[in-house]
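Trainee: Quick one, start04.txt (compact mmCIF, N, CA and C atoms and all ligand atoms):
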# COMPACT_ATOMS: atom_id res chain seq x y z
N MET A 5 13.07 -3.15 -1.83
CA MET A 5 13.59 -4.41 -1.28
C MET A 5 14.38 -5.14 -2.36
N HIS A 6 15.50 -5.66 -1.97
CA HIS A 6 16.40 -6.42 -2.84
C HIS A 6 15.67 -7.55 -3.59
N GLU A 7 14.98 -8.39 -2.84
CA GLU A 7 14.30 -9.53 -3.44
C GLU A 7 13.22 -9.09 -4.42
N MET A 8 12.57 -7.99 -4.11
CA MET A 8 11.47 -7.55 -4.94
C MET A 8 11.91 -7.23 -6.36
N SER A 9 13.03 -6.52 -6.50
CA SER A 9 13.46 -6.16 -7.86
C SER A 9 13.93 -7.40 -8.62
N ILE A 10 14.52 -8.35 -7.91
CA ILE A 10 14.93 -9.59 -8.57
C ILE A 10 13.70 -10.39 -8.99
N ALA A 11 12.71 -10.44 -8.10
CA ALA A 11 11.48 -11.17 -8.42
C ALA A 11 10.82 -10.58 -9.66
N MET A 12 10.86 -9.26 -9.80
CA MET A 12 10.25 -8.62 -10.96
C MET A 12 11.01 -8.97 -12.24
N ASP A 13 12.32 -9.05 -12.13
CA ASP A 13 13.12 -9.47 -13.29
C ASP A 13 12.78 -10.90 -13.69
N VAL A 14 12.67 -11.76 -12.68
CA VAL A 14 12.36 -13.17 -12.95
C VAL A 14 11.00 -13.28 -13.63
N LEU A 15 10.03 -12.57 -13.10
CA LEU A 15 8.69 -12.64 -13.69
C LEU A 15 8.70 -12.17 -15.14
N LYS A 16 9.49 -11.14 -15.41
CA LYS A 16 9.57 -10.62 -16.77
C LYS A 16 10.13 -11.68 -17.73
N ILE A 17 11.18 -12.35 -17.27
CA ILE A 17 11.79 -13.39 -18.10
C ILE A 17 10.81 -14.55 -18.30
N VAL A 18 10.13 -14.92 -17.22
CA VAL A 18 9.17 -16.02 -17.32
C VAL A 18 8.07 -15.67 -18.32
N GLU A 19 7.58 -14.47 -18.25
CA GLU A 19 6.50 -14.06 -19.16
C GLU A 19 6.97 -14.04 -20.61
N GLU A 20 8.24 -13.70 -20.81
CA GLU A 20 8.78 -13.70 -22.17
C GLU A 20 8.86 -15.11 -22.74
N HIS A 21 8.90 -16.10 -21.86
CA HIS A 21 9.05 -17.48 -22.33
C HIS A 21 7.73 -18.22 -22.45
N LEU A 22 6.66 -17.57 -22.12
CA LEU A 22 5.37 -18.25 -22.23
C LEU A 22 5.03 -18.45 -23.70
N PRO A 23 4.66 -19.67 -24.06
CA PRO A 23 4.44 -19.99 -25.47
C PRO A 23 3.20 -19.33 -26.07
N SER A 24 2.13 -19.26 -25.34
CA SER A 24 0.92 -18.72 -25.95
C SER A 24 -0.01 -18.19 -24.88
N HIS A 25 -0.97 -17.49 -25.34
CA HIS A 25 -1.97 -16.99 -24.41
C HIS A 25 -2.72 -18.17 -23.81
N GLY A 26 -2.99 -18.10 -22.55
CA GLY A 26 -3.72 -19.18 -21.90
C GLY A 26 -2.82 -20.17 -21.20
N ALA A 27 -1.51 -20.12 -21.50
CA ALA A 27 -0.58 -21.00 -20.80
C ALA A 27 -0.39 -20.50 -19.37
N ARG A 28 -0.24 -21.45 -18.48
CA ARG A 28 -0.01 -21.05 -17.09
C ARG A 28 1.31 -21.63 -16.60
N VAL A 29 1.94 -20.88 -15.74
CA VAL A 29 3.20 -21.35 -15.18
C VAL A 29 2.90 -22.24 -13.97
N LYS A 30 3.43 -23.46 -14.03
CA LYS A 30 3.18 -24.41 -12.96
C LYS A 30 4.27 -24.31 -11.90
N LYS A 31 5.48 -24.19 -12.38
CA LYS A 31 6.60 -24.21 -11.46
C LYS A 31 7.78 -23.43 -12.03
N ILE A 32 8.42 -22.69 -11.18
CA ILE A 32 9.63 -21.97 -11.59
C ILE A 32 10.77 -22.47 -10.71
N SER A 33 11.80 -23.02 -11.34
CA SER A 33 12.94 -23.50 -10.57
C SER A 33 14.10 -22.53 -10.72
N LEU A 34 14.64 -22.13 -9.60
CA LEU A 34 15.71 -21.14 -9.61
C LEU A 34 16.93 -21.64 -8.87
N LYS A 35 18.06 -21.23 -9.35
CA LYS A 35 19.29 -21.46 -8.61
C LYS A 35 19.77 -20.11 -8.11
N VAL A 36 19.90 -20.02 -6.81
CA VAL A 36 20.23 -18.73 -6.22
C VAL A 36 21.61 -18.81 -5.57
N GLY A 37 22.52 -18.06 -6.12
CA GLY A 37 23.86 -18.02 -5.55
C GLY A 37 23.88 -17.35 -4.20
N LYS A 38 24.72 -17.86 -3.34
CA LYS A 38 24.80 -17.31 -1.99
C LYS A 38 25.19 -15.83 -2.00
N LEU A 39 25.99 -15.47 -2.98
CA LEU A 39 26.48 -14.10 -3.05
C LEU A 39 25.40 -13.09 -3.46
N THR A 40 24.30 -13.58 -3.98
CA THR A 40 23.22 -12.67 -4.36
C THR A 40 22.52 -12.12 -3.12
N ALA A 41 22.73 -12.78 -1.97
CA ALA A 41 22.11 -12.35 -0.71
C ALA A 41 20.59 -12.39 -0.75
N VAL A 42 20.07 -13.22 -1.63
CA VAL A 42 18.62 -13.37 -1.69
C VAL A 42 18.18 -14.37 -0.62
N ILE A 43 17.20 -13.97 0.16
CA ILE A 43 16.65 -14.86 1.18
C ILE A 43 15.47 -15.60 0.56
N PRO A 44 15.57 -16.93 0.44
CA PRO A 44 14.54 -17.70 -0.27
C PRO A 44 13.12 -17.40 0.19
N ASP A 45 12.89 -17.34 1.49
CA ASP A 45 11.53 -17.12 1.96
C ASP A 45 10.99 -15.76 1.55
N SER A 46 11.82 -14.76 1.65
CA SER A 46 11.29 -13.45 1.31
C SER A 46 11.19 -13.31 -0.22
N PHE A 47 12.05 -14.04 -0.94
CA PHE A 47 11.93 -14.05 -2.40
C PHE A 47 10.61 -14.69 -2.83
N LYS A 48 10.28 -15.82 -2.20
CA LYS A 48 9.02 -16.49 -2.52
C LYS A 48 7.83 -15.59 -2.22
N PHE A 49 7.94 -14.89 -1.12
CA PHE A 49 6.88 -13.97 -0.73
C PHE A 49 6.69 -12.90 -1.81
N CYS A 50 7.79 -12.36 -2.30
CA CYS A 50 7.73 -11.34 -3.35
C CYS A 50 7.13 -11.91 -4.62
N MET A 51 7.55 -13.13 -4.98
CA MET A 51 7.03 -13.75 -6.19
C MET A 51 5.52 -13.91 -6.09
N GLU A 52 5.06 -14.38 -4.93
CA GLU A 52 3.62 -14.55 -4.75
C GLU A 52 2.88 -13.24 -4.92
N ALA A 53 3.47 -12.19 -4.37
CA ALA A 53 2.81 -10.89 -4.44
C ALA A 53 2.73 -10.36 -5.86
N ILE A 54 3.82 -10.48 -6.62
CA ILE A 54 3.81 -9.85 -7.95
C ILE A 54 3.21 -10.72 -9.03
N THR A 55 3.03 -12.03 -8.76
CA THR A 55 2.46 -12.89 -9.80
C THR A 55 0.93 -12.90 -9.75
N LYS A 56 0.39 -12.23 -8.78
CA LYS A 56 -1.08 -12.14 -8.72
C LYS A 56 -1.61 -11.60 -10.04
N ASP A 57 -2.65 -12.26 -10.57
CA ASP A 57 -3.27 -11.86 -11.83
C ASP A 57 -2.34 -11.96 -13.03
N THR A 58 -1.29 -12.75 -12.91
CA THR A 58 -0.46 -13.03 -14.08
C THR A 58 -0.55 -14.53 -14.35
N ALA A 59 0.08 -14.96 -15.44
CA ALA A 59 0.06 -16.39 -15.80
C ALA A 59 0.84 -17.22 -14.79
N ALA A 60 1.60 -16.56 -13.96
CA ALA A 60 2.41 -17.29 -12.99
C ALA A 60 1.79 -17.32 -11.60
N GLU A 61 0.56 -16.87 -11.52
CA GLU A 61 -0.08 -16.87 -10.21
C GLU A 61 -0.22 -18.30 -9.69
N GLY A 62 0.18 -18.49 -8.45
CA GLY A 62 0.07 -19.81 -7.83
C GLY A 62 1.15 -20.79 -8.23
N ALA A 63 2.08 -20.36 -9.06
CA ALA A 63 3.16 -21.26 -9.48
C ALA A 63 4.03 -21.62 -8.28
N GLU A 64 4.52 -22.85 -8.33
CA GLU A 64 5.43 -23.27 -7.27
C GLU A 64 6.80 -22.65 -7.54
N ILE A 65 7.41 -22.13 -6.51
CA ILE A 65 8.73 -21.53 -6.65
C ILE A 65 9.73 -22.46 -5.96
N ALA A 66 10.59 -23.07 -6.75
CA ALA A 66 11.58 -23.97 -6.17
C ALA A 66 12.94 -23.27 -6.19
N ILE A 67 13.53 -23.16 -5.04
CA ILE A 67 14.80 -22.45 -4.95
C ILE A 67 15.90 -23.38 -4.47
N GLU A 68 16.93 -23.47 -5.26
CA GLU A 68 18.09 -24.23 -4.85
C GLU A 68 19.21 -23.25 -4.56
N GLU A 69 19.76 -23.33 -3.39
CA GLU A 69 20.82 -22.39 -3.04
C GLU A 69 22.16 -22.93 -3.54
N VAL A 70 22.87 -22.06 -4.20
CA VAL A 70 24.17 -22.44 -4.74
C VAL A 70 25.26 -21.86 -3.83
N PRO A 71 26.10 -22.75 -3.28
CA PRO A 71 27.15 -22.24 -2.39
C PRO A 71 28.16 -21.37 -3.13
N LEU A 72 28.79 -20.52 -2.37
CA LEU A 72 29.81 -19.65 -2.94
C LEU A 72 31.13 -20.41 -3.02
N ARG A 73 31.57 -20.67 -4.25
CA ARG A 73 32.83 -21.39 -4.44
C ARG A 73 33.85 -20.47 -5.11
N VAL A 74 35.06 -20.54 -4.65
CA VAL A 74 36.10 -19.67 -5.20
C VAL A 74 37.36 -20.49 -5.51
N GLU A 75 38.14 -19.94 -6.42
CA GLU A 75 39.42 -20.55 -6.72
C GLU A 75 40.49 -19.52 -6.38
N CYS A 76 41.51 -19.97 -5.67
CA CYS A 76 42.57 -19.06 -5.26
C CYS A 76 43.59 -18.91 -6.39
N GLU A 77 43.90 -17.69 -6.73
CA GLU A 77 44.86 -17.46 -7.82
C GLU A 77 46.29 -17.66 -7.37
N ASP A 78 46.52 -17.72 -6.09
CA ASP A 78 47.87 -17.90 -5.59
C ASP A 78 48.23 -19.38 -5.39
N CYS A 79 47.38 -20.12 -4.65
CA CYS A 79 47.71 -21.52 -4.39
C CYS A 79 46.86 -22.49 -5.20
N GLY A 80 45.88 -21.98 -5.91
CA GLY A 80 45.08 -22.84 -6.77
C GLY A 80 44.00 -23.65 -6.06
N ALA A 81 43.87 -23.46 -4.76
CA ALA A 81 42.88 -24.22 -4.01
C ALA A 81 41.47 -23.77 -4.36
N GLU A 82 40.59 -24.76 -4.43
CA GLU A 82 39.20 -24.45 -4.66
C GLU A 82 38.47 -24.63 -3.34
N SER A 83 37.76 -23.61 -2.90
CA SER A 83 37.13 -23.68 -1.59
C SER A 83 35.70 -23.18 -1.65
N GLU A 84 34.95 -23.64 -0.69
CA GLU A 84 33.61 -23.11 -0.51
C GLU A 84 33.66 -22.12 0.64
N LEU A 85 33.22 -20.90 0.36
CA LEU A 85 33.24 -19.89 1.42
C LEU A 85 31.89 -19.87 2.12
N LEU A 86 31.90 -19.97 3.40
CA LEU A 86 30.65 -19.99 4.15
C LEU A 86 30.12 -18.59 4.39
N GLU A 87 30.98 -17.64 4.36
CA GLU A 87 30.52 -16.26 4.45
C GLU A 87 31.27 -15.45 3.41
N PRO A 88 30.64 -14.38 2.96
CA PRO A 88 31.29 -13.61 1.90
C PRO A 88 32.50 -12.83 2.39
N LEU A 89 33.49 -13.57 2.78
CA LEU A 89 34.72 -13.00 3.28
C LEU A 89 35.79 -13.53 2.33
N PHE A 90 36.32 -12.68 1.48
CA PHE A 90 37.15 -13.19 0.40
C PHE A 90 38.61 -13.43 0.78
N ILE A 91 38.78 -14.49 1.54
CA ILE A 91 40.13 -14.88 1.92
C ILE A 91 40.27 -16.37 1.66
N CYS A 92 41.33 -16.77 0.99
CA CYS A 92 41.56 -18.19 0.74
C CYS A 92 41.79 -18.91 2.08
N PRO A 93 40.98 -19.96 2.34
CA PRO A 93 41.15 -20.67 3.62
C PRO A 93 42.49 -21.39 3.72
N LYS A 94 43.12 -21.64 2.58
CA LYS A 94 44.38 -22.38 2.58
C LYS A 94 45.57 -21.46 2.86
N CYS A 95 45.68 -20.39 2.08
CA CYS A 95 46.89 -19.57 2.17
C CYS A 95 46.59 -18.11 2.54
N GLU A 96 45.33 -17.81 2.78
CA GLU A 96 44.90 -16.47 3.17
C GLU A 96 45.13 -15.40 2.12
N SER A 97 45.29 -15.84 0.89
CA SER A 97 45.40 -14.89 -0.21
C SER A 97 44.05 -14.21 -0.44
N LEU A 98 44.12 -13.00 -0.96
CA LEU A 98 42.88 -12.28 -1.25
C LEU A 98 42.53 -12.33 -2.73
N LYS A 99 43.42 -13.01 -3.50
CA LYS A 99 43.18 -13.07 -4.95
C LYS A 99 42.32 -14.29 -5.26
N LEU A 100 41.03 -14.10 -5.18
CA LEU A 100 40.13 -15.22 -5.39
C LEU A 100 39.24 -14.95 -6.61
N ARG A 101 38.98 -16.02 -7.30
CA ARG A 101 38.09 -15.93 -8.45
C ARG A 101 36.81 -16.69 -8.08
N VAL A 102 35.68 -16.06 -8.28
CA VAL A 102 34.41 -16.72 -7.96
C VAL A 102 34.07 -17.74 -9.04
N ILE A 103 33.85 -18.97 -8.63
CA ILE A 103 33.47 -20.03 -9.58
C ILE A 103 31.95 -20.14 -9.67
N SER A 104 31.32 -20.15 -8.52
CA SER A 104 29.86 -20.23 -8.53
C SER A 104 29.31 -19.55 -7.29
N GLY A 105 28.04 -19.20 -7.36
CA GLY A 105 27.40 -18.60 -6.20
C GLY A 105 27.14 -17.11 -6.38
N ARG A 106 27.49 -16.59 -7.59
CA ARG A 106 27.35 -15.15 -7.79
C ARG A 106 26.02 -14.81 -8.47
N ASP A 107 25.45 -15.79 -9.16
CA ASP A 107 24.30 -15.48 -10.00
C ASP A 107 23.00 -16.07 -9.51
N LEU A 108 21.96 -15.50 -10.03
CA LEU A 108 20.65 -16.08 -9.85
C LEU A 108 20.21 -16.56 -11.24
N LEU A 109 19.96 -17.85 -11.35
CA LEU A 109 19.61 -18.42 -12.64
C LEU A 109 18.23 -19.03 -12.60
N ILE A 110 17.52 -18.86 -13.70
CA ILE A 110 16.26 -19.58 -13.84
C ILE A 110 16.61 -20.90 -14.47
N GLU A 111 16.45 -21.97 -13.71
CA GLU A 111 16.85 -23.27 -14.22
C GLU A 111 15.80 -23.85 -15.14
N SER A 112 14.56 -23.78 -14.73
CA SER A 112 13.50 -24.27 -15.60
C SER A 112 12.17 -23.60 -15.27
N ILE A 113 11.34 -23.58 -16.27
CA ILE A 113 9.99 -23.04 -16.11
C ILE A 113 9.04 -24.12 -16.60
N GLU A 114 8.19 -24.61 -15.73
CA GLU A 114 7.21 -25.62 -16.15
C GLU A 114 5.92 -24.91 -16.51
N ILE A 115 5.46 -25.21 -17.69
CA ILE A 115 4.28 -24.53 -18.20
C ILE A 115 3.16 -25.53 -18.45
N GLU A 116 1.99 -25.10 -18.11
CA GLU A 116 0.82 -25.93 -18.29
C GLU A 116 -0.08 -25.23 -19.29
N GLU A 117 -0.35 -25.88 -20.39
CA GLU A 117 -1.27 -25.30 -21.35
C GLU A 117 -2.66 -25.32 -20.74
N SER A 118 -3.25 -24.19 -20.69
CA SER A 118 -4.55 -24.10 -20.04
C SER A 118 -5.66 -24.56 -20.96
N ASP A 119 -6.53 -25.39 -20.41
CA ASP A 119 -7.72 -25.72 -21.20
C ASP A 119 -8.97 -25.29 -20.44
N MET A 120 -8.73 -24.36 -19.56
CA MET A 120 -9.86 -23.84 -18.80
C MET A 120 -10.60 -22.81 -19.62
N GLU A 121 -11.83 -22.62 -19.25
CA GLU A 121 -12.61 -21.59 -19.92
C GLU A 121 -12.09 -20.22 -19.56
N GLU A 122 -11.97 -19.41 -20.57
CA GLU A 122 -11.59 -18.04 -20.31
C GLU A 122 -12.84 -17.24 -20.01
N LEU A 123 -12.89 -16.67 -18.87
CA LEU A 123 -14.08 -15.91 -18.52
C LEU A 123 -14.21 -14.69 -19.43
N GLY A 124 -15.38 -14.55 -20.00
CA GLY A 124 -15.67 -13.36 -20.78
C GLY A 124 -15.18 -13.41 -22.22
N HIS A 125 -14.47 -14.46 -22.61
CA HIS A 125 -14.04 -14.57 -24.00
C HIS A 125 -14.64 -15.82 -24.60
N GLY A 126 -15.62 -15.62 -25.45
CA GLY A 126 -16.41 -16.73 -25.94
C GLY A 126 -15.68 -17.80 -26.71
N ASP A 127 -14.83 -17.44 -27.66
CA ASP A 127 -14.25 -18.44 -28.56
C ASP A 127 -12.96 -19.04 -28.04
N GLN A 128 -12.61 -18.75 -26.85
CA GLN A 128 -11.32 -19.18 -26.31
C GLN A 128 -11.48 -20.47 -25.50
N GLY A 129 -11.02 -21.56 -26.05
CA GLY A 129 -10.95 -22.83 -25.29
C GLY A 129 -12.28 -23.36 -24.80
N ARG A 130 -12.23 -24.43 -24.04
CA ARG A 130 -13.43 -24.96 -23.42
C ARG A 130 -13.11 -25.73 -22.15
ZN ZN B 1 45.21 -19.85 -1.60
So, in terms of structure tokens, how does the structure I just supplied come out?
Ligand SMILES: [Zn+2]

Mentor:
Amino acid sequence: MHEMSIAMDVLKIVEEHLPSHGARVKKISLKVGKLTAVIPDSFKFCMEAITKDTAAEGAEIAIEEVPLRVECEDCGAESELLEPLFICPKCESLKLRVISGRDLLIESIEIEESDMEELGHGDQGR
């Protein structure tokens, strides 16, 4: 599944950014470009599934959809495309440059330092 492999990439990046053992991810904010074809609901579902037993388990997943914006190389018009049909709405040119909406970005990761007891590890926290 498309969303699943992206979710795994996101989780990998999130885990690389965790400051220390015992930290938990509270919230992951993402900007999802329309052109990525990621469906927010199914992406959230994938995230929930793969974060089980990780530091990101139960983290809130906030997804902001980024519209697909293009600039026409012929008439210079900047337009928002509602569907991935690469035609300038002004002059019908096909020479369009994507300005935004192509990428999936992790905007922020909120981390909560855990002060919970670690089960089975005596000297860890309290
Ligand atoms: Zn144009």

Trainee: So which residues are near ligand ZN 1 (chain B), meaning at most 8 Å away with all atoms listed in the file counted, given back as a list of chain:residue names?

Mentor: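 The residues within 8 Å of ligand ZN 1 (chain B), counting all atoms listed in the file, are A:Glu75, A:Cys76, A:Glu77, A:Asp78, A:Cys79, A:Gly80, A:Ala81, A:Glu82, A:Ile91, A:Cys92, A:Pro93, A:Lys94, A:Cys95, A:Glu96, A:Ser97, A:Leu98, A:Lys99, A:Leu100.
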
Trainee: Which is closer to Glu68 (chain A) than all the others in A:Ser33, A:Ser83, A:Ser24, A:Thr40, using only N, CA and C atoms?

Mentor: A:Ser33

Trainee: So that I can check the secondary structure, give me every residue of chain A assigned strand (DSSP E) by backbone DSSP, as a ChimeraX atom specification.

Mentor: /A:27-37,64-70,72-76,82-85,100-104,108-117

Trainee: Which residues, written as a list in words, have at least one atom at most 10 Å from Val42 (chain A), with only C-alpha atoms counted and residues fewer than 4 positions away on the same chain left out?

Mentor: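 Neighbouring residues, sequence-local ones excluded: His6, Glu7, Met8, Ile10, Val36, Gly37, Lys38, Ser46, Phe47, Glu69 and Leu108 of chain A.
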
Trainee: Let's see if you can do this: from backbone DSSP, list all alpha helix (DSSP H) residues in chain A, as a list in words.

Mentor: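 Matching residues for alpha helix (DSSP H) in chain A are His6, Glu7, Met8, Ser9, Ile10, Ala11, Met12, Asp13, Val14, Leu15, Lys16, Ile17, Val18, Glu19, Glu20, Pro44, Asp45, Ser46, Phe47, Lys48, Phe49, Cys50, Met51, Glu52, Ala53 and Ile54 of chain A.
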
Trainee: Distance atom N of Arg73 (chain A)-atom N of Asp13 (chain A), one decimal place?

Mentor: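 Atom-to-atom, atom N of Arg73 (chain A) and atom N of Asp13 (chain A) are spaced 23.8 Å apart.
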